[in-house]
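Engineer: Just passing along the structure, written as structure tokens.
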Number of protein chains: 4
Amino acid sequence: MYLDQHVDTSSNVFFMRLESCFALPDFDISSFKENFEHVIGAPYKMHWSIHLEDTKPKMALFVSKYNHCLYDVLSRYHSKELSVEIPFILSNHTDLKPIADQFNIPFYHIPFSRANREIAELEQLKLLKKYQVDFIVLARYMQIVSSTLIDVYPNKIINIHHSFLPAFAGAKPYHAALKRGVKIIGATSHYVTEDLDEGPIIAQDVAPVTHANSIADFISKGRDLEKIVLSRAIKLHILRKTIVHQNKTVIFS
Amino acid sequence: MYLDQHVDTSSNVFFMRLESCFALPDFDISSFKENFEHVIGAPYKMHWSIHLEDTKPKMALFVSKYNHCLYDVLSRYHSKELSVEIPFILSNHTDLKPIADQFNIPFYHIPFSRANREIAELEQLKLLKKYQVDFIVLARYMQIVSSTLIDVYPNKIINIHHSFLPAFAGAKPYHAALKRGVKIIGATSHYVTEDLDEGPIIAQDVAPVTHANSIADFISKGRDLEKIVLSRAIKLHILRKTIVHQNKTVIFS
Amino acid sequence: MYLDQHVDTSSNVFFMRLESCFALPDFDISSFKENFEHVIGAPYKMHWSIHLEDTKPKMALFVSKYNHCLYDVLSRYHSKELSVEIPFILSNHTDLKPIADQFNIPFYHIPFSRANREIAELEQLKLLKKYQVDFIVLARYMQIVSSTLIDVYPNKIINIHHSFLPAFAGAKPYHAALKRGVKIIGATSHYVTEDLDEGPIIAQDVAPVTHANSIADFISKGRDLEKIVLSRAIKLHILRKTIVHQNKTVIFS
Amino acid sequence: MYLDQHVDTSSNVFFMRLESCFALPDFDISSFKENFEHVIGAPYKMHWSIHLEDTKPKMALFVSKYNHCLYDVLSRYHSKELSVEIPFILSNHTDLKPIADQFNIPFYHIPFSRANREIAELEQLKLLKKYQVDFIVLARYMQIVSSTLIDVYPNKIINIHHSFLPAFAGAKPYHAALKRGVKIIGATSHYVTEDLDEGPIIAQDVAPVTHANSIADFISKGRDLEKIVLSRAIKLHILRKTIVHQNKTVIFS
């Protein structure tokens, strides 16, 4: 019903995404997989996976104190715009617990500091395992995620950074943008890798600013960018329209 | 008839641009200036200047081998869209001489290399002086402009850089953008300062790209951005709608 | 501290918005108003009004069945991004009552049909009066608002229409846009007047679409546009940055 | 090497564009065509065509008095950005002849009025035939093209209209946009059909405007949109990335 493909001519790799409707009454996914690997996958040395549309992936939300991305994701979730399950929200602060309650989603508070980092991450991992989480969304989670998590969730942790990367990586990008006097600000959603803000970019968007805009204006305009760009990335991930290759993404149409 | 203003609250500076129509039959600009300084300028410690609409500034064009910005500027010039005089085009190559000829504009070829840099710059200065040039536009001029020129033309040399600065400053920004896997490319027009690609930004714009775009596609899309953004900056400069303050621009409406 | 102005040269009207800080310990707004009218307002035949920043206007929300704009407005309200009070949410359906409950805002259900239109509108007016509502936001309220309300709230009813007006006014704009094969869809926020979708435009934005997008894609992309554009208009209205003149808006910076 | 496809599920039509490299030393295009039709085209009831990359299509330019689109197209042509031949420029006025001369392209002046319409169109057709023109670009040609031409060049006449169609079809769209008080203006490139400004849309783009913009500002901003959008459409057409179906375009990536 749908097919999109891409050839990376520099590395000679072929990418394809195919949506199909299996209308057979006795369709069996596991025997299909076996056959597919036997007849097509293995002979052609393909990396492939198959997913059923009605199986919703489990998405954990990590937040800190900013609520706009959290509200936006939860609203879309409630409206069935995002076809996921959200087993829990995790935060290093308790500020956003009321929003979790408002949407009836379990909220876990795991404080985070240099001192307890390793213990905190093990607790995080335990939760992720317990709830069989498929991927993680950092909805303005203000902590650096370490390889402890990244290794378990490679290309499965989505972050939103409040600048048009690679400009203004790291802390306080709006302040840096104001100082540089840019005429455009941006937001970037990317998969988290061990290099801070250097992971494969999934989606970006921008908005115009002027000399008359204060830091408060930058932050306010940026909030809208952040939530739109993050949701765009989440949707692409859920629909499995992203493939990471050489620290870049192929984004299917 | 028109007034725009801005207060920089961090440095407590007030900026204003005013357009007026002097309908007096015996209006004399020099006595007006004298009075203005005496009655208003000096008492209030203003930096001010006044310009007559029908006095066209003289704009020199520096180019190398790329022709799209040159064509665009000359077309607008020919169409009277840009209210300037263009006394000459200068290049370190001869490739674009035919276009200068096509538009009947004097073309000077001053080769440029590490060895002859200082001599070349003196020649450039001589030309600029001879033609009483008011400001310089680097229309994809692929050489670094030194303080020899910058000191004579402070905030009067407009460059177009083919990235959304501060991302991808320096050489080959499209290649760097492709490698980073960005989803948006940009172009930035700024005043040249001694710090490469770090001068006050006048205008920026962006265009979407995808994984399917090759470096040729980036360059092709970028050409359109570059010429639009450069012309926007030139127009703002001609209309004196730019004021530089602390390495940033106030852009009047 | 801030001043923006505009001259409509075709109708010879001068518009100005001024923000000031009255630091006097015994500042009295009512005597200030009196003096202002006496000394400045009346002699210069000005239409003027003055508003205190800490007085939050009262905004009623009218909704039907779509929840994305409602969620977005309420999230911003909860985050103190919108400096308003929301005394109630009104709907011709009960579908969105749970969201009103979630945010602890009174919800009124006033069914609406051709038969009961006049009675329903009188009920609406009674509520608006009771709660001393200052302005109304139609957050995808799928009913036509009549002069009964418009006369009481002139240029105070903000609607969001899901097209870049004047294209695709009226019902089912996304379907019409898909049929026409446009490459860009839009959303428009405007003040409601008696001419359907022809009121003064406050804000517009657009998003690219392709031949591959289905009607579901248009609606999904459009949701993001609608909520961003509606909130932009609400903010401008709250900050009194809009003035309506000859069915157009002056939007202050 | 490249393949893009689309399924129109409402009309059950499959579209595909394939780029291939035929590396055989004795490759013969005509025998290939014959075989293709015999083995694939006819059995599957395909509409298909094949084009060699190094065969440049012949593009006629129709203009009136505005020169910005003409300059832009000719600059790109001169820079080899557009892989076409331009056998001639045709106009109902002589104003732009100097530009044709500047670029060494034959210029034909065929005056156009209600009285001589039919004769003029026959002259146009004669020229188009003589030069074996493949497609026509109306670069702000201010006359309505009749079925006399359209029937000979179905979906092969590209127009640029200075509004985001379907808003402001017909004459003076910028004036209409200003009057309506829109916050965004646009330009639309489409194939000419007998219904004025209702042909299949190829490309659209928009730019923000404000209450402070005059009609001169709209026209000036619009010029940039027009030339960018027109060139985008021309490029897509040259690369045969457009297919018209049910008055809409499929635009290949």
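Just remember, in the structure tokens the first chain shown is A, the second B, etc., residues are 1-based per chain, and ligands are 1-based in the order shown.
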Residues of chain D near chain C: apply a cut-off of 9 Å, count only C-alpha atoms, and supply the list as an NGL selection string.
Structural biologist: :D and (6-8 or 164-168 or 177 or 179-184 or 198 or 200-206 or 208 or 210-212 or 247-251)
Engineer: Find the spatial neighbours of A:Ile157, counting only C-alpha atoms, within a cut-off of 7 Å - ignore same-chain residues fewer than 6 positions away - and output them as a list in words.
Structural biologist: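 Skipping anything fewer than 6 positions along the chain leaves Phe135, Ile136, Val137, Tyr191 and Val192 of chain A.
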Engineer: For those residues, write C-alpha atoms to a file as a PDB file, in the first residue's frame.
Structural biologist:
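Saved to result-v8.pdb:
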ATOM      1  CA  PHE A 135      11.721   3.928  23.941  1.00  0.00           C
ATOM      2  CA  ILE A 136      12.308   6.994  26.056  1.00  0.00           C
ATOM      3  CA  VAL A 137      11.339  10.614  25.442  1.00  0.00           C
ATOM      4  CA  TYR A 191      18.458  10.559  19.264  1.00  0.00           C
ATOM      5  CA  VAL A 192      20.700  10.704  22.300  1.00  0.00           C
TER       6      VAL A 192
END
Engineer: Report the distance between atom CA of B:Ile219 and atom CA of B:Tyr77 in Å, rounded to one decimal place.
Structural biologist: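 Here the two named atoms are 24.6 Å from each other.
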Engineer: Just list as a ChimeraX atom specification whatever in stretch 71-136 of chain B DSSP marks as helix (DSSP H, G or I).
Structural biologist: /B:71-78,97-102,117-130
Engineer: May I have the selected residues written with C-alpha atoms, as a PDB file, in the first residue's frame?
Structural biologist:
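result26.pdb was written with the following content:
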ATOM      1  CA  TYR B  71      23.302  38.212 -11.181  1.00  0.00           C
ATOM      2  CA  ASP B  72      20.661  38.776  -8.548  1.00  0.00           C
ATOM      3  CA  VAL B  73      22.124  42.045  -7.287  1.00  0.00           C
ATOM      4  CA  LEU B  74      22.658  43.379 -10.800  1.00  0.00           C
ATOM      5  CA  SER B  75      19.152  42.434 -11.898  1.00  0.00           C
ATOM      6  CA  ARG B  76      17.679  44.297  -8.959  1.00  0.00           C
ATOM      7  CA  TYR B  77      19.995  47.203  -9.660  1.00  0.00           C
ATOM      8  CA  HIS B  78      18.920  47.324 -13.294  1.00  0.00           C
ATOM      9  CA  LYS B  97      33.886  39.753 -16.186  1.00  0.00           C
ATOM     10  CA  PRO B  98      31.371  38.865 -18.931  1.00  0.00           C
ATOM     11  CA  ILE B  99      28.506  39.508 -16.513  1.00  0.00           C
ATOM     12  CA  ALA B 100      29.956  42.896 -15.575  1.00  0.00           C
ATOM     13  CA  ASP B 101      30.162  43.645 -19.297  1.00  0.00           C
ATOM     14  CA  GLN B 102      26.626  42.450 -19.835  1.00  0.00           C
ATOM     15  CA  ARG B 117      47.775  40.169   0.019  1.00  0.00           C
ATOM     16  CA  GLU B 118      48.999  43.492   1.281  1.00  0.00           C
ATOM     17  CA  ILE B 119      49.605  44.944  -2.138  1.00  0.00           C
ATOM     18  CA  ALA B 120      46.244  43.702  -3.353  1.00  0.00           C
ATOM     19  CA  GLU B 121      44.471  45.310  -0.442  1.00  0.00           C
ATOM     20  CA  LEU B 122      46.150  48.630  -1.066  1.00  0.00           C
ATOM     21  CA  GLU B 123      45.024  48.447  -4.677  1.00  0.00           C
ATOM     22  CA  GLN B 124      41.511  47.683  -3.481  1.00  0.00           C
ATOM     23  CA  LEU B 125      41.595  50.669  -1.151  1.00  0.00           C
ATOM     24  CA  LYS B 126      42.815  52.925  -3.926  1.00  0.00           C
ATOM     25  CA  LEU B 127      39.875  51.896  -6.088  1.00  0.00           C
ATOM     26  CA  LEU B 128      37.397  52.313  -3.258  1.00  0.00           C
ATOM     27  CA  LYS B 129      38.739  55.768  -2.571  1.00  0.00           C
ATOM     28  CA  LYS B 130      38.842  56.784  -6.212  1.00  0.00           C
TER      29      LYS B 130
END
Engineer: Choose the residue, out of A:Asn159, A:Asn104, A:Ser91, A:Asn213, that has the smallest atom-to-atom separation from A:Leu138; count only C-alpha atoms.
Structural biologist: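 The shortest atom-to-atom distance to A:Leu138 comes from A:Asn159.
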Engineer: Report as an MDAnalysis selection string all protein, DNA and RNA residues lying within 8 Å of A:Ser83, evaluated on only C-alpha atoms, omitting residues in the same chain fewer than 6 positions from it.
Structural biologist: chainID A and resid 56:57 77 238
Engineer: Calculate how many Å separate atom CA of C:Ser231 from atom CA of C:Thr94, rounding to one decimal.
Structural biologist: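 These atoms are spaced 23.3 Å apart.
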Engineer: So how far away is atom CA of C:Gln132 from atom CA of C:Gly41, in Å?
Structural biologist: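 Computing it gives 27.0 Å between the two atoms.
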Engineer: Skip A:Arg223 itself and residues of its chain fewer than 5 positions away, then list as JSON, numbers by chain all residues within 9 Å of it, counting only C-alpha atoms.
Structural biologist: {"A": [68, 69, 162, 187, 218, 228]}
Engineer: Pull all heavy atoms from the residues just selected and write them as a PDB file, in the first residue's frame.
Structural biologist:
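Final output, selection29.pdb:
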ATOM      1  N   HIS A  68       5.737  22.442  29.391  1.00  0.00           N
ATOM      2  CA  HIS A  68       5.040  22.620  28.108  1.00  0.00           C
ATOM      3  C   HIS A  68       5.136  21.393  27.207  1.00  0.00           C
ATOM      4  O   HIS A  68       4.166  21.018  26.563  1.00  0.00           O
ATOM      5  CB  HIS A  68       5.538  23.874  27.383  1.00  0.00           C
ATOM      6  CG  HIS A  68       7.009  23.918  27.169  1.00  0.00           C
ATOM      7  ND1 HIS A  68       7.901  24.188  28.185  1.00  0.00           N
ATOM      8  CD2 HIS A  68       7.761  23.715  26.073  1.00  0.00           C
ATOM      9  CE1 HIS A  68       9.125  24.158  27.708  1.00  0.00           C
ATOM     10  NE2 HIS A  68       9.063  23.874  26.426  1.00  0.00           N
ATOM     11  N   CYS A  69       6.302  20.758  27.152  1.00  0.00           N
ATOM     12  CA  CYS A  69       6.415  19.554  26.322  1.00  0.00           C
ATOM     13  C   CYS A  69       5.616  18.409  26.924  1.00  0.00           C
ATOM     14  O   CYS A  69       4.971  17.640  26.215  1.00  0.00           O
ATOM     15  CB  CYS A  69       7.888  19.155  26.149  1.00  0.00           C
ATOM     16  SG  CYS A  69       8.779  20.196  24.980  1.00  0.00           S
ATOM     17  N   HIS A 162      16.795  22.937  22.620  1.00  0.00           N
ATOM     18  CA  HIS A 162      16.166  24.211  22.259  1.00  0.00           C
ATOM     19  C   HIS A 162      17.099  25.130  21.474  1.00  0.00           C
ATOM     20  O   HIS A 162      17.282  26.300  21.829  1.00  0.00           O
ATOM     21  CB  HIS A 162      15.550  24.909  23.467  1.00  0.00           C
ATOM     22  CG  HIS A 162      16.307  24.791  24.745  1.00  0.00           C
ATOM     23  ND1 HIS A 162      16.880  23.629  25.196  1.00  0.00           N
ATOM     24  CD2 HIS A 162      16.571  25.714  25.695  1.00  0.00           C
ATOM     25  CE1 HIS A 162      17.452  23.844  26.356  1.00  0.00           C
ATOM     26  NE2 HIS A 162      17.291  25.094  26.673  1.00  0.00           N
ATOM     27  N   ALA A 187      14.619  24.681  17.206  1.00  0.00           N
ATOM     28  CA  ALA A 187      14.593  23.543  18.127  1.00  0.00           C
ATOM     29  C   ALA A 187      14.932  22.299  17.320  1.00  0.00           C
ATOM     30  O   ALA A 187      14.626  22.226  16.121  1.00  0.00           O
ATOM     31  CB  ALA A 187      13.227  23.397  18.773  1.00  0.00           C
ATOM     32  N   PHE A 218      12.285  34.940  23.592  1.00  0.00           N
ATOM     33  CA  PHE A 218      12.957  33.786  22.981  1.00  0.00           C
ATOM     34  C   PHE A 218      12.424  32.487  23.600  1.00  0.00           C
ATOM     35  O   PHE A 218      12.082  31.543  22.896  1.00  0.00           O
ATOM     36  CB  PHE A 218      14.480  33.860  23.217  1.00  0.00           C
ATOM     37  CG  PHE A 218      15.236  34.665  22.191  1.00  0.00           C
ATOM     38  CD1 PHE A 218      14.799  35.911  21.782  1.00  0.00           C
ATOM     39  CD2 PHE A 218      16.416  34.181  21.632  1.00  0.00           C
ATOM     40  CE1 PHE A 218      15.503  36.662  20.835  1.00  0.00           C
ATOM     41  CE2 PHE A 218      17.131  34.916  20.688  1.00  0.00           C
ATOM     42  CZ  PHE A 218      16.681  36.151  20.297  1.00  0.00           C
ATOM     43  N   ILE A 228       6.283  21.331  19.231  1.00  0.00           N
ATOM     44  CA  ILE A 228       5.925  20.875  17.885  1.00  0.00           C
ATOM     45  C   ILE A 228       6.997  19.925  17.341  1.00  0.00           C
ATOM     46  O   ILE A 228       6.692  18.854  16.803  1.00  0.00           O
ATOM     47  CB  ILE A 228       5.769  22.094  16.925  1.00  0.00           C
ATOM     48  CG1 ILE A 228       4.609  22.992  17.345  1.00  0.00           C
ATOM     49  CG2 ILE A 228       5.611  21.638  15.474  1.00  0.00           C
ATOM     50  CD1 ILE A 228       3.255  22.369  17.260  1.00  0.00           C
TER      51      ILE A 228
END
